[in-house]
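Dropping target11.tsv in here (TSV, C-alpha atoms):
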```tsv
chain	number	residue	atom	x	y	z
A	1	MET	CA	-12.00	14.48	-20.70
A	2	THR	CA	-9.92	16.35	-23.12
A	3	VAL	CA	-7.03	14.28	-24.37
A	4	ASP	CA	-4.96	16.50	-26.59
A	5	CYS	CA	-3.12	14.07	-28.88
A	6	ILE	CA	-0.07	15.00	-30.86
A	7	ILE	CA	0.58	12.20	-33.33
A	8	GLU	CA	4.14	12.34	-34.62
A	9	ASP	CA	4.23	8.79	-36.01
A	10	PRO	CA	1.55	7.91	-38.61
A	11	ARG	CA	1.51	4.26	-37.48
A	12	TRP	CA	-0.66	5.32	-34.53
A	13	ALA	CA	-3.97	4.56	-36.28
A	14	ASP	CA	-7.11	5.09	-34.16
A	15	PHE	CA	-4.91	6.30	-31.32
A	16	GLU	CA	-7.12	9.13	-30.12
A	17	ALA	CA	-10.07	6.83	-29.43
A	18	VAL	CA	-7.89	4.38	-27.46
A	19	ALA	CA	-6.27	7.23	-25.50
A	20	GLU	CA	-9.64	8.71	-24.60
A	21	LEU	CA	-11.13	5.34	-23.59
A	22	ALA	CA	-8.18	4.34	-21.42
A	23	SER	CA	-7.70	7.66	-19.64
A	24	ASN	CA	-11.43	8.10	-19.06
A	25	ALA	CA	-11.64	4.59	-17.60
A	26	ALA	CA	-8.79	5.31	-15.18
A	27	LEU	CA	-10.33	8.56	-13.96
A	28	ALA	CA	-13.86	7.19	-13.67
A	29	HIS	CA	-12.62	4.16	-11.74
A	30	LEU	CA	-11.21	6.54	-9.12
A	31	GLY	CA	-14.46	8.51	-8.89
A	32	LEU	CA	-13.22	11.46	-10.95
A	33	ASP	CA	-15.33	13.08	-13.65
A	34	PRO	CA	-13.31	12.59	-16.85
A	35	SER	CA	-14.92	15.63	-18.50
A	36	ALA	CA	-13.31	17.89	-15.88
A	37	PHE	CA	-9.68	17.04	-16.69
A	38	GLU	CA	-7.11	17.39	-19.46
A	39	ILE	CA	-4.14	15.29	-20.56
A	40	SER	CA	-1.62	15.98	-23.32
A	41	LEU	CA	-0.46	12.85	-25.09
A	42	LEU	CA	2.42	12.47	-27.56
A	43	ALA	CA	2.25	9.40	-29.83
A	44	CYS	CA	5.78	9.03	-31.15
A	45	ASP	CA	8.45	6.51	-32.14
A	46	ASP	CA	11.43	5.02	-30.31
A	47	ALA	CA	13.86	7.69	-31.51
A	48	ARG	CA	11.77	10.50	-30.05
A	49	ILE	CA	11.04	8.77	-26.74
A	50	ALA	CA	14.74	7.86	-26.33
A	51	VAL	CA	15.58	11.58	-26.47
A	52	LEU	CA	12.85	12.36	-23.92
A	53	ASN	CA	14.00	9.50	-21.69
A	54	ALA	CA	17.59	10.78	-21.84
A	55	ASP	CA	16.56	14.37	-21.17
A	56	PHE	CA	14.23	13.68	-18.26
A	57	ARG	CA	15.42	10.39	-16.75
A	58	GLU	CA	19.05	10.30	-17.87
A	59	LYS	CA	18.40	6.94	-19.58
A	60	ALA	CA	19.47	7.20	-23.22
A	61	LYS	CA	17.28	4.41	-24.53
A	62	PRO	CA	13.70	3.95	-25.70
A	63	THR	CA	10.93	3.03	-23.28
A	64	ASN	CA	7.24	2.31	-23.78
A	65	VAL	CA	5.63	5.23	-21.94
A	66	LEU	CA	6.71	8.32	-20.01
A	67	SER	CA	4.59	10.66	-17.95
A	68	TRP	CA	5.04	14.10	-16.46
A	69	PRO	CA	2.44	15.00	-13.82
A	70	SER	CA	1.50	18.67	-13.64
A	71	ASP	CA	1.64	18.53	-9.85
A	72	GLU	CA	3.07	16.35	-7.10
A	73	ARG	CA	0.19	14.15	-5.94
A	74	ALA	CA	2.00	11.17	-4.44
A	75	ALA	CA	0.85	9.77	-1.12
A	76	GLU	CA	2.87	10.54	1.99
A	77	VAL	CA	2.78	6.88	3.05
A	78	GLN	CA	3.83	3.99	0.81
A	79	GLY	CA	0.84	2.01	-0.46
A	80	GLU	CA	-1.67	4.75	0.37
A	81	MET	CA	-3.89	6.55	-2.13
A	82	PRO	CA	-2.39	9.77	-3.49
A	83	THR	CA	-4.18	13.08	-3.18
A	84	LEU	CA	-6.49	13.07	-6.19
A	85	PRO	CA	-6.95	16.30	-8.13
A	86	THR	CA	-10.04	18.44	-8.08
A	87	PRO	CA	-11.58	20.15	-11.11
A	88	GLY	CA	-10.66	23.75	-11.69
A	89	PRO	CA	-7.10	24.97	-11.34
A	90	ASP	CA	-5.92	21.36	-10.97
A	91	SER	CA	-7.67	20.17	-14.15
A	92	GLU	CA	-4.52	19.83	-16.29
A	93	LEU	CA	-3.13	16.50	-15.18
A	94	GLY	CA	0.07	16.48	-17.22
A	95	ASP	CA	1.72	14.92	-20.24
A	96	ILE	CA	2.24	11.37	-21.49
A	97	ALA	CA	4.50	10.15	-24.32
A	98	ILE	CA	4.17	6.68	-25.81
A	99	ALA	CA	6.46	4.98	-28.35
A	100	TYR	CA	5.03	2.89	-31.17
A	101	ASP	CA	8.09	0.69	-31.78
A	102	THR	CA	8.53	-0.39	-28.16
A	103	CYS	CA	4.79	-0.93	-27.67
A	104	ALA	CA	4.57	-3.07	-30.82
A	105	ARG	CA	7.62	-5.12	-29.83
A	106	GLU	CA	6.31	-5.69	-26.28
A	107	ALA	CA	2.84	-6.67	-27.50
A	108	ASP	CA	4.40	-9.16	-29.90
A	109	GLU	CA	6.74	-10.58	-27.22
A	110	GLN	CA	3.86	-10.90	-24.74
A	111	GLU	CA	1.51	-12.28	-27.40
A	112	LYS	CA	-1.06	-9.58	-26.67
A	113	PRO	CA	-3.15	-7.55	-29.08
A	114	PHE	CA	-1.39	-4.23	-29.73
A	115	LYS	CA	-4.51	-2.21	-28.85
A	116	ASP	CA	-4.84	-4.00	-25.49
A	117	HIS	CA	-1.21	-3.31	-24.61
A	118	VAL	CA	-1.51	0.35	-25.57
A	119	THR	CA	-4.72	0.65	-23.53
A	120	HIS	CA	-2.83	-0.73	-20.53
A	121	LEU	CA	0.04	1.72	-21.00
A	122	ILE	CA	-2.30	4.71	-21.27
A	123	VAL	CA	-4.07	3.60	-18.08
A	124	HIS	CA	-0.63	3.20	-16.49
A	125	GLY	CA	0.48	6.66	-17.64
A	126	THR	CA	-2.77	8.25	-16.47
A	127	LEU	CA	-2.33	6.71	-13.02
A	128	HIS	CA	1.19	8.18	-12.89
A	129	LEU	CA	-0.31	11.61	-13.61
A	130	LEU	CA	-2.63	11.06	-10.65
A	131	GLY	CA	0.26	10.38	-8.26
A	132	PHE	CA	0.49	6.59	-8.40
A	133	ASP	CA	3.87	4.93	-8.75
A	134	HIS	CA	5.60	1.55	-8.56
A	135	GLU	CA	8.95	2.44	-7.02
A	136	ASN	CA	8.37	0.28	-3.93
A	137	GLU	CA	6.34	-2.86	-3.20
A	138	PRO	CA	3.33	-1.23	-1.46
A	139	ASP	CA	2.94	1.43	-4.15
A	140	ALA	CA	3.42	-1.13	-6.94
A	141	ALA	CA	0.77	-3.41	-5.44
A	142	LEU	CA	-1.72	-0.54	-5.27
A	143	MET	CA	-1.01	0.69	-8.79
A	144	GLU	CA	-0.97	-2.75	-10.42
A	145	GLY	CA	-4.19	-3.70	-8.63
A	146	LEU	CA	-5.90	-0.59	-9.97
A	147	GLU	CA	-4.60	-1.25	-13.48
A	148	THR	CA	-5.94	-4.81	-13.36
A	149	GLU	CA	-9.37	-3.61	-12.15
A	150	ILE	CA	-9.61	-0.82	-14.73
A	151	LEU	CA	-8.60	-3.10	-17.59
A	152	GLY	CA	-10.96	-5.80	-16.34
A	153	ASN	CA	-13.81	-3.28	-16.45
A	154	LEU	CA	-12.88	-2.71	-20.10
A	155	GLY	CA	-12.98	-6.45	-20.77
A	156	LEU	CA	-9.19	-6.79	-21.01
A	157	ALA	CA	-6.98	-9.42	-19.39
A	158	ASP	CA	-4.83	-8.83	-16.32
A	159	PRO	CA	-1.56	-7.49	-17.76
A	160	TYR	CA	0.45	-8.93	-14.88
A	161	ARG	CA	-0.59	-12.55	-15.38
A	162	GLU	CA	1.27	-14.76	-17.76
```

With the file now loaded, output its structure as structure tokens.
Amino acid sequence: MTVDCIIEDPRWADFEAVAELASNAALAHLGLDPSAFEISLLACDDARIAVLNADFREKAKPTNVLSWPSDERAAEVQGEMPTLPTPGPDSELGDIAIAYDTCAREADEQEKPFKDHVTHLIVHGTLHLLGFDHENEPDAALMEGLETEILGNLGLADPYRE
């Protein structure tokens, strides 16, 4: 996979390796060849992501991660698998932005290693690019189950357990 990282905040040490690992794991788990797809990823701070969140979601506050799929891939039926992309013209999956400040604060509050939390959020963002969502209970159950499985395969704890 090609993960094109734009690092605006220098606190994102070793970010590219984590981004590649997490996004590759998500794609491979769904039977997709990671080498056939591309993601653009912006590693920024809270100020930058607050502007993006205001511009695209009309929520003028920071958030941990945002994603912009290149195509509509959502399932027609709640809780069903979305239409997964195929290599070729559909190889650019979309864009993800992630905010250092919010991620660091959440990791601290949840008493999780920062790298583990960021890995989870990149998996989460990648799944959004693939058409998964959590706007209703069936879709959330599917997406959260996949996140738990993918992270478990990476040796990380279930992010939804306390």

ask   = Which is closer to Glu8 (chain A) than all the others in A:Ile150, A:Leu32, A:Cys44, A:Leu142, using all atoms listed in the file?
value =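 Ranking A:Ile150, A:Leu32, A:Cys44, A:Leu142 by distance to Glu8 (chain A), first place goes to A:Cys44.
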
message = With all atoms listed in the file as the counted atoms, please give the residues lying no more than 10 Å from Thr63 (chain A), apart from itself and same-chain residues fewer than 6 positions off, as a list of chain:residue names.
response =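 What passes the distance filter is A:Asp45, A:Asp46, A:Ala47, A:Ile49, A:Ala50, A:Leu52, A:Asn53, A:Ala97, A:Ile98, A:Ala99, A:Tyr100, A:Asp101, A:Thr102, A:Cys103.
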
task = Would you list the residues near (3.5, -0.9, -2.7) (no more than 12 Å away, in the coordinates of the file, using all atoms listed in the file) as an MDAnalysis selection string?
result = chainID A and resid 75 77:81 132:146

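The two atoms in question, CA of Leu127 (chain A) and CA of Thr86 (chain A), are spaced 14.9 Å apart.
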
Could you name the residues that touch region 110-115 of chain A at 10 Å or less, counting all atoms listed in the file, but leaving out those on the same chain fewer than 6 positions away, as a short mmCIF file (atom, residue, chain, number, x, y, z; two decimals) with C-alpha atoms, in the frame of the given file?
```cif
data_model
loop_
_atom_site.label_atom_id
_atom_site.label_comp_id
_atom_site.auth_asym_id
_atom_site.auth_seq_id
_atom_site.Cartn_x
_atom_site.Cartn_y
_atom_site.Cartn_z
CA ASP A 14 -7.11 5.09 -34.16
CA PHE A 15 -4.91 6.30 -31.32
CA VAL A 18 -7.89 4.38 -27.46
CA TYR A 100 5.03 2.89 -31.17
CA CYS A 103 4.79 -0.93 -27.67
CA ALA A 104 4.57 -3.07 -30.82
CA LEU A 121 0.04 1.72 -21.00
CA ALA A 157 -6.98 -9.42 -19.39
CA PRO A 159 -1.56 -7.49 -17.76
CA GLU A 162 1.27 -14.76 -17.76
#
```

request  = Name the closest residue to Leu130 (chain A) among the candidates A:Asp71, A:Asp9, A:Asp33, A:Glu38; distances are taken between atoms, counting only C-alpha atoms.
outcome  =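 Checking each candidate against Leu130 (chain A), we get A:Asp71 as the closest.
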
Non-local contacts of Glu16 (chain A) (12 Å; only C-alpha atoms; under 4 positions in same chain excluded) as a VMD selection string = chain A and resid 1 to 7 12 20 to 24 39 to 43 115 118 to 119 122

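Here CA of Leu66 (chain A) and CA of Gly152 (chain A) stand 22.9 Å from one another.
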
From A:Phe37, A:Pro62, A:His117, A:Arg48, residue lying nearest Leu156 (chain A) [all atoms listed in the file] =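 When distances to Leu156 (chain A) are compared using all atoms listed in the file, the smallest one comes from A:His117.
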
remark   = A straight line from CA of Trp68 (chain A) to CA of Leu129 (chain A) spans 6.6 Å

ask   = Out of A:Glu76, A:Glu149, A:Asp158, A:Glu106, which residue has the shortest atom-to-atom distance to Gly131 (chain A) when counting all atoms listed in the file?
value =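 The answer is A:Glu76, which sits nearest to Gly131 (chain A).
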
task = Check the smallest atom-to-atom distance from each of A:Ala107, A:Ala17, A:Leu151, A:Ile96 to His29 (chain A) using only C-alpha atoms, then report the winner.
result = A:Leu151

query = Restricting the calculation to all atoms listed in the file, which member of A:Pro34, A:Val51, A:Asn153, A:Arg105 is positioned closest to Glu92 (chain A)?
reply = A:Pro34
